[in-house]
$ cat work.txt   # compact mmCIF, C-alpha atoms and all ligand atoms
# COMPACT_ATOMS: atom_id res chain seq x y z
CA MET A 1 0.00 0.00 0.00
CA ALA A 2 1.39 3.39 -0.91
CA VAL A 3 2.14 5.67 2.01
CA THR A 4 0.02 8.82 1.73
CA GLU A 5 0.52 12.20 3.34
CA SER A 6 -2.26 11.48 5.84
CA SER A 7 -0.72 8.24 7.14
CA THR A 8 0.95 8.21 10.55
CA ASN A 9 4.25 6.53 11.20
CA VAL A 10 4.20 3.88 13.90
CA VAL A 11 6.27 5.14 16.80
CA LEU A 12 6.34 3.53 20.22
CA GLY A 13 4.42 5.78 22.56
CA GLY A 14 3.51 8.03 19.65
CA ALA A 15 0.22 9.07 18.11
CA ARG A 16 -1.64 6.53 16.04
CA GLY A 17 -4.64 6.38 13.79
CA GLY A 18 -5.18 6.95 10.14
CA PRO A 19 -7.09 9.52 8.13
CA ASP A 20 -10.45 10.84 9.28
CA VAL A 21 -12.32 8.29 7.18
CA ALA A 22 -12.09 4.86 8.84
CA THR A 23 -11.34 3.14 5.56
CA LEU A 24 -11.75 3.40 1.84
CA ARG A 25 -11.96 -0.36 1.49
CA GLN A 26 -15.18 -1.60 -0.08
CA ASP A 27 -14.63 -5.32 0.36
CA ARG A 28 -15.84 -7.31 3.35
CA TRP A 29 -12.70 -6.63 5.43
CA TRP A 30 -14.75 -7.03 8.61
CA LEU A 31 -15.52 -10.69 7.91
CA GLN A 32 -12.21 -12.05 9.19
CA PRO A 33 -12.35 -10.15 12.51
CA VAL A 34 -15.95 -11.28 13.02
CA ILE A 35 -15.03 -14.93 12.42
CA THR A 36 -12.01 -14.61 14.73
CA VAL A 37 -14.10 -13.11 17.53
CA SER A 38 -16.81 -15.75 17.10
CA VAL A 39 -14.51 -18.79 17.08
CA LEU A 40 -12.19 -17.60 19.88
CA THR A 41 -15.11 -16.54 22.09
CA ALA A 42 -16.86 -19.88 21.53
CA PHE A 43 -13.62 -21.73 22.36
CA VAL A 44 -12.99 -19.74 25.55
CA ILE A 45 -16.57 -20.26 26.75
CA TYR A 46 -16.55 -23.97 25.97
CA SER A 47 -13.09 -24.68 27.40
CA THR A 48 -13.86 -22.75 30.59
CA TRP A 49 -17.10 -24.67 31.03
CA ALA A 50 -15.36 -27.99 30.31
CA ALA A 51 -12.47 -27.23 32.67
CA PHE A 52 -14.82 -26.55 35.58
CA GLN A 53 -17.01 -29.62 34.95
CA ASN A 54 -14.56 -31.97 36.67
CA LYS A 55 -16.36 -35.05 35.35
CA TYR A 56 -16.85 -37.05 32.15
CA TYR A 57 -13.24 -36.59 31.08
CA TYR A 58 -12.17 -40.22 31.07
CA VAL A 59 -13.50 -43.43 29.55
CA GLY A 60 -12.01 -46.42 31.31
CA ALA A 61 -11.77 -50.16 31.74
CA ASN A 62 -15.44 -50.61 32.65
CA VAL A 63 -16.24 -50.14 28.94
CA HIS A 64 -12.91 -51.55 27.67
CA ARG A 65 -11.47 -48.19 26.73
CA ASP A 66 -8.63 -45.89 27.79
CA LEU A 67 -9.60 -42.43 26.53
CA ILE A 68 -8.79 -39.19 28.31
CA SER A 69 -9.83 -35.70 27.30
CA PRO A 70 -6.89 -33.49 26.21
CA PHE A 71 -8.17 -30.80 28.58
CA TYR A 72 -7.52 -33.09 31.55
CA SER A 73 -4.25 -34.73 30.59
CA PRO A 74 -2.05 -35.20 32.53
CA CYS A 75 -4.55 -35.65 35.35
CA LEU A 76 -2.55 -34.45 38.34
CA ALA A 77 -5.18 -34.15 41.10
CA SER A 78 -5.36 -36.82 43.76
CA ASP A 79 -9.08 -37.34 43.11
CA CYS A 80 -8.80 -37.97 39.36
CA VAL A 81 -11.20 -40.72 38.29
CA PRO A 82 -9.66 -44.22 38.52
CA GLY A 83 -7.42 -45.02 35.56
CA SER A 84 -6.91 -41.41 34.49
CA LYS A 85 -4.29 -40.47 37.06
CA ALA A 86 -0.79 -39.50 35.99
CA GLY A 87 2.12 -40.91 38.00
CA PHE A 88 2.38 -37.75 40.07
CA ALA A 89 -0.46 -36.04 41.98
CA PHE A 90 -1.04 -32.76 43.81
CA ASN A 91 -2.57 -34.04 47.02
CA GLY A 92 -5.23 -31.81 48.46
CA TRP A 93 -6.07 -30.07 45.17
CA ALA A 94 -9.84 -29.67 45.51
CA LEU A 95 -10.66 -28.03 42.18
CA SER A 96 -10.90 -29.51 38.71
CA PRO A 97 -7.60 -31.13 37.61
CA ALA A 98 -7.93 -29.31 34.28
CA LEU A 99 -7.20 -26.03 36.07
CA LEU A 100 -3.77 -27.34 37.07
CA ILE A 101 -2.54 -27.65 33.51
CA LEU A 102 -4.54 -25.42 31.19
CA ILE A 103 -2.33 -22.38 31.83
CA PHE A 104 0.39 -23.96 29.66
CA PRO A 105 -1.55 -24.70 26.45
CA LEU A 106 -3.51 -21.51 27.00
CA GLY A 107 -0.32 -19.47 27.47
CA PHE A 108 1.14 -21.04 24.33
CA ARG A 109 -1.90 -20.04 22.28
CA LEU A 110 -2.32 -16.60 23.81
CA THR A 111 1.28 -15.63 23.08
CA CYS A 112 1.36 -17.23 19.60
CA TYR A 113 2.45 -14.71 16.97
CA TYR A 114 -0.41 -15.66 14.68
CA TYR A 115 -3.11 -15.45 17.36
CA ARG A 116 -1.65 -12.14 18.52
CA ARG A 117 -2.17 -10.71 15.09
CA SER A 118 -5.68 -12.14 14.99
CA TYR A 119 -6.92 -10.99 18.36
CA TYR A 120 -5.20 -7.60 18.24
CA ARG A 121 -7.16 -7.05 15.06
CA ALA A 122 -10.43 -8.67 16.04
CA PHE A 123 -10.79 -7.66 19.72
CA TRP A 124 -8.59 -4.54 20.02
CA TRP A 125 -9.15 -3.14 16.55
CA SER A 126 -5.51 -2.23 16.53
CA PRO A 127 -5.94 -2.00 13.58
CA PRO A 128 -8.92 -4.18 12.56
CA ALA A 129 -7.52 -4.86 9.07
CA CYS A 130 -5.02 -3.56 6.54
CA ALA A 131 -5.85 -0.02 5.42
CA VAL A 132 -8.52 0.37 8.12
CA SER A 133 -8.10 3.05 10.75
CA ASP A 134 -6.78 2.06 14.15
CA ALA A 135 -9.31 2.36 16.98
CA HIS A 136 -6.61 3.61 19.37
CA SER A 137 -4.89 6.94 19.46
CA SER A 138 -1.57 5.76 20.85
CA TYR A 139 0.68 2.77 20.49
CA SER A 140 3.00 1.22 23.04
CA GLY A 141 3.67 -2.07 21.30
CA GLU A 142 4.50 -4.97 23.56
CA THR A 143 6.80 -2.97 25.80
CA ARG A 144 4.55 -2.73 28.87
CA PHE A 145 2.61 -5.09 31.14
CA PRO A 146 0.58 -7.10 30.26
CA LEU A 147 1.61 -7.30 26.62
CA ILE A 148 5.30 -7.57 27.49
CA MET A 149 4.38 -11.07 28.69
CA GLN A 150 4.03 -12.04 25.03
CA ASN A 151 7.81 -12.45 25.08
CA LEU A 152 7.30 -15.64 27.09
CA HIS A 153 6.15 -17.40 23.94
CA ARG A 154 9.38 -19.33 23.39
CA TYR A 155 9.12 -20.76 26.93
CA PHE A 156 5.49 -21.74 26.43
CA PHE A 157 6.66 -23.42 23.23
CA PHE A 158 8.84 -25.80 25.28
CA ALA A 159 5.96 -26.47 27.69
CA GLY A 160 3.79 -27.19 24.66
CA LEU A 161 6.25 -29.84 23.50
CA ILE A 162 5.87 -31.64 26.83
CA PHE A 163 2.09 -31.58 26.50
CA ASN A 164 2.28 -32.82 22.91
CA THR A 165 4.39 -35.74 24.08
CA LEU A 166 1.91 -36.58 26.83
CA LEU A 167 -1.07 -36.35 24.48
CA THR A 168 0.75 -38.56 21.98
CA TYR A 169 1.22 -41.08 24.76
CA ASP A 170 -2.54 -40.84 25.48
CA ALA A 171 -3.26 -41.46 21.79
CA ILE A 172 -1.06 -44.57 21.82
CA ARG A 173 -2.76 -45.79 24.99
CA ALA A 174 -6.12 -45.37 23.27
CA PHE A 175 -5.20 -48.33 21.03
CA HIS A 176 -5.35 -50.51 24.14
CA GLN A 177 -8.77 -51.82 25.04
CA PRO A 178 -8.57 -53.23 28.58
CA GLY A 179 -9.90 -56.77 28.70
CA LEU A 180 -10.02 -57.06 24.89
CA GLY A 181 -6.48 -56.39 23.69
CA TRP A 182 -5.40 -53.90 21.06
CA GLY A 183 -7.56 -52.34 18.39
CA VAL A 184 -8.86 -49.15 16.84
CA THR A 185 -11.98 -47.26 17.81
CA VAL A 186 -13.33 -43.88 16.76
CA GLY A 187 -11.90 -42.56 20.04
CA THR A 188 -8.44 -43.83 19.07
CA ILE A 189 -8.63 -41.93 15.80
CA VAL A 190 -9.92 -38.79 17.52
CA LEU A 191 -6.98 -38.74 19.97
CA CYS A 192 -4.46 -39.53 17.20
CA VAL A 193 -5.74 -36.72 14.97
CA ASN A 194 -5.70 -34.36 17.95
CA ALA A 195 -2.07 -35.20 18.81
CA THR A 196 -1.03 -34.89 15.15
CA LEU A 197 -2.62 -31.46 14.76
CA LEU A 198 -1.01 -30.26 17.99
CA TRP A 199 2.41 -31.39 16.74
CA LEU A 200 1.84 -29.64 13.43
CA TYR A 201 0.83 -26.49 15.29
CA SER A 202 3.97 -26.61 17.47
CA LEU A 203 6.37 -27.54 14.68
CA SER A 204 5.05 -24.77 12.45
CA CYS A 205 5.55 -22.22 15.28
CA HIS A 206 7.72 -19.22 14.37
CA ALA A 207 9.75 -19.67 17.56
CA CYS A 208 10.42 -23.29 16.60
CA ARG A 209 11.64 -22.28 13.14
CA HIS A 210 13.88 -19.62 14.66
CA LEU A 211 15.21 -22.10 17.17
CA CYS A 212 16.25 -24.44 14.36
CA GLY A 213 17.43 -21.99 11.73
CA GLY A 214 17.84 -18.63 13.44
CA GLN A 215 21.12 -16.84 14.14
CA VAL A 216 22.99 -18.99 11.67
CA ASN A 217 25.25 -17.09 9.31
CA SER A 218 26.12 -20.03 7.14
CA PHE A 219 23.83 -23.01 6.74
CA SER A 220 26.64 -25.01 5.12
CA LYS A 221 28.38 -25.06 8.50
CA HIS A 222 25.22 -26.30 10.27
CA PRO A 223 23.81 -29.05 8.03
CA ILE A 224 21.54 -30.55 10.71
CA ARG A 225 19.97 -27.25 11.61
CA TYR A 226 19.60 -26.55 7.91
CA ARG A 227 17.66 -29.81 7.46
CA PHE A 228 15.35 -28.98 10.35
CA TRP A 229 14.84 -25.50 8.96
CA LYS A 230 14.07 -26.87 5.47
CA PHE A 231 11.56 -29.30 6.97
CA LEU A 232 9.88 -26.68 9.16
CA THR A 233 9.67 -23.83 6.67
CA PRO A 234 6.78 -25.22 4.58
CA LEU A 235 4.94 -26.10 7.82
CA ASN A 236 5.54 -22.57 9.07
CA ALA A 237 3.83 -21.20 5.96
CA LYS A 238 0.69 -23.07 7.03
CA HIS A 239 0.84 -22.05 10.69
CA MET A 240 -2.48 -20.22 10.54
CA ASN A 241 -4.25 -23.33 9.24
CA PHE A 242 -2.72 -25.53 11.92
CA ALA A 243 -3.57 -22.95 14.59
CA TRP A 244 -7.28 -23.04 13.76
CA ALA A 245 -7.50 -26.76 13.00
CA SER A 246 -5.78 -27.77 16.24
CA LEU A 247 -7.85 -25.30 18.30
CA VAL A 248 -11.16 -26.56 16.97
CA PHE A 249 -10.14 -30.21 17.10
CA VAL A 250 -8.88 -30.16 20.68
CA ALA A 251 -12.35 -28.94 21.71
CA LEU A 252 -13.99 -31.62 19.54
CA ALA A 253 -11.80 -34.28 21.16
CA ASP A 254 -13.01 -33.14 24.58
CA VAL A 255 -16.61 -33.19 23.34
CA TYR A 256 -16.18 -36.73 22.02
CA VAL A 257 -14.66 -38.11 25.25
CA ARG A 258 -17.33 -36.27 27.27
CA LEU A 259 -20.17 -37.77 25.22
CA VAL A 260 -18.76 -41.29 25.55
CA ALA A 261 -17.95 -40.91 29.26
CA SER A 262 -21.43 -39.60 30.05
CA GLY A 263 -23.06 -42.48 28.15
CA VAL A 264 -24.65 -40.31 25.46
CA ILE A 265 -22.85 -42.28 22.72
CA SER A 266 -20.66 -45.35 22.71
CA ASP A 267 -17.16 -45.47 21.25
CA TYR A 268 -17.53 -47.47 18.03
CA LYS A 269 -14.91 -50.22 17.59
CA LEU A 270 -13.55 -50.37 14.05
CA PHE A 271 -11.41 -53.50 14.54
S1 LIG B 1 3.98 -18.57 16.60
FE1 LIG B 1 2.10 -19.59 16.84
S2 LIG B 1 2.64 -21.16 18.22
FE2 LIG B 1 4.50 -20.05 18.03
$ encode --input "work.txt" --output "structure tokens"
Amino acid sequence: MAVTESSTNVVLGGARGGPDVATLRQDRWWLQPVITVSVLTAFVIYSTWAAFQNKYYYVGANVHRDLISPFYSPCLASDCVPGSKAGFAFNGWALSPALLILIFPLGFRLTCYYYRRSYYRAFWWSPPACAVSDAHSSYSGETRFPLIMQNLHRYFFFAGLIFNTLLTYDAIRAFHQPGLGWGVTVGTIVLCVNATLLWLYSLSCHACRHLCGGQVNSFSKHPIRYRFWKFLTPLNAKHMNFAWASLVFVALADVYVRLVASGVISDYKLF
């Protein structure tokens, strides 16, 4: 976009906002912010509700299954339902076990570079879209609390890897049907797809790509990092897709386990 005389340079702490007219765009630029607000709001409402439920998060040996909701894994409370407990427990934790762990996946998503762009646009209107006037008169960037916390993203990335590993372990466990042996059910596929999408989301992360290929002056001197970087770069180009797909699917995986655990549906055995 050509810079016009009425545009304002972005300066930390400086004035912001465009020309008097909000925008000259005639296309449906508002559609993307509306979709972002709708999906993120629905996810936050559902995940908060699910986290406080503290029941129907595990399908166990009584129905020959081993399925745990991704919102509750690892289950670290001492009163987790039988079979769902991780090796370690916080004795005396009286609230839902989901509340012990959700800060990590939530922190990873909240600080994600892609989601930042999306929710700054959709919720803050800062700015709502390209060539649309900013709703705020000043700009401080991510230099002050709370937005300075966005810099924690690379640490949440490492926490996310731990959770991905645990959820992959859950997906492998879902192949085991206590009392019957090994097999595949719809629940197995749901947990496998969920773990795969979460890995794709993490591996396509900008921090991950930087970790593998950043600060290297000569790739020929770092052939292994170069290979990682080559592998991750096409994934990184699809980060937005993986962000949405993994967000929606992790909620669907919880819905599925919840429906089976509460007896609304049964987990169909494929073989
Ligand atoms: S940039 Fe989105 S997860 Fe790291």
$ closest_residue --input "work.txt" --among "A:Val37, A:Ala195, A:Leu259, A:Leu200" --to "ligand LIG 1 (chain B)" --atoms "all atoms listed in the file"
A:Leu200
$ residues_around --input "work.txt" --residues "Leu235 of chain A" --least-positions-apart "5" --cutoff "9 Å" --atoms "only C-alpha atoms" --output "list in words"
Leu200, Tyr201, Leu203, Ser204, Cys205 and Phe242 of chain A
$ atom_distance --input "work.txt" --atom1 "atom CA of Phe145 of chain A" --atom2 "atom CA of Arg117 of chain A"
17.7 Å
$ axis_aligned_box --input "work.txt" --around "ligand LIG 1 (chain B)" --padding-each-side "6 Å" --output "JSON"
{"center_x": 3.3, "center_y": -19.9, "center_z": 17.4, "size_x": 14.4, "size_y": 14.6, "size_z": 13.6}
$ atom_distance --input "work.txt" --atom1 "atom CA of Ile189 of chain A" --atom2 "atom CA of Asp79 of chain A"
27.7 Å
$ residues_near_point --input "work.txt" --point "(-6.5, -48.9, 20.8)" --cutoff "10 Å" --atoms "all atoms listed in the file" --output "tab-separated table (two decimals) with C-alpha atoms, in the coordinates of the input"
chain	number	residue	atom	x	y	z
A	64	HIS	CA	-12.91	-51.55	27.67
A	65	ARG	CA	-11.47	-48.19	26.73
A	66	ASP	CA	-8.63	-45.89	27.79
A	67	LEU	CA	-9.60	-42.43	26.53
A	171	ALA	CA	-3.26	-41.46	21.79
A	172	ILE	CA	-1.06	-44.57	21.82
A	173	ARG	CA	-2.76	-45.79	24.99
A	174	ALA	CA	-6.12	-45.37	23.27
A	175	PHE	CA	-5.20	-48.33	21.03
A	176	HIS	CA	-5.35	-50.51	24.14
A	177	GLN	CA	-8.77	-51.82	25.04
A	178	PRO	CA	-8.57	-53.23	28.58
A	180	LEU	CA	-10.02	-57.06	24.89
A	181	GLY	CA	-6.48	-56.39	23.69
A	182	TRP	CA	-5.40	-53.90	21.06
A	183	GLY	CA	-7.56	-52.34	18.39
A	184	VAL	CA	-8.86	-49.15	16.84
A	185	THR	CA	-11.98	-47.26	17.81
A	186	VAL	CA	-13.33	-43.88	16.76
A	187	GLY	CA	-11.90	-42.56	20.04
A	188	THR	CA	-8.44	-43.83	19.07
A	189	ILE	CA	-8.63	-41.93	15.80
A	269	LYS	CA	-14.91	-50.22	17.59
A	270	LEU	CA	-13.55	-50.37	14.05
A	271	PHE	CA	-11.41	-53.50	14.54
$ residues_near_ligand --input "work.txt" --ligand "ligand LIG 1 (chain B)" --cutoff "6 Å" --atoms "all atoms listed in the file" --output "count of residues only"
7
$ closest_residue --input "work.txt" --among "A:Leu152, A:Thr36, A:Ile101, A:Thr48" --to "Tyr120 of chain A" --atoms "only C-alpha atoms"
A:Thr36
$ atom_distance --input "work.txt" --atom1 "atom CA of Ala89 of chain A" --atom2 "atom CA of Cys75 of chain A"
7.8 Å
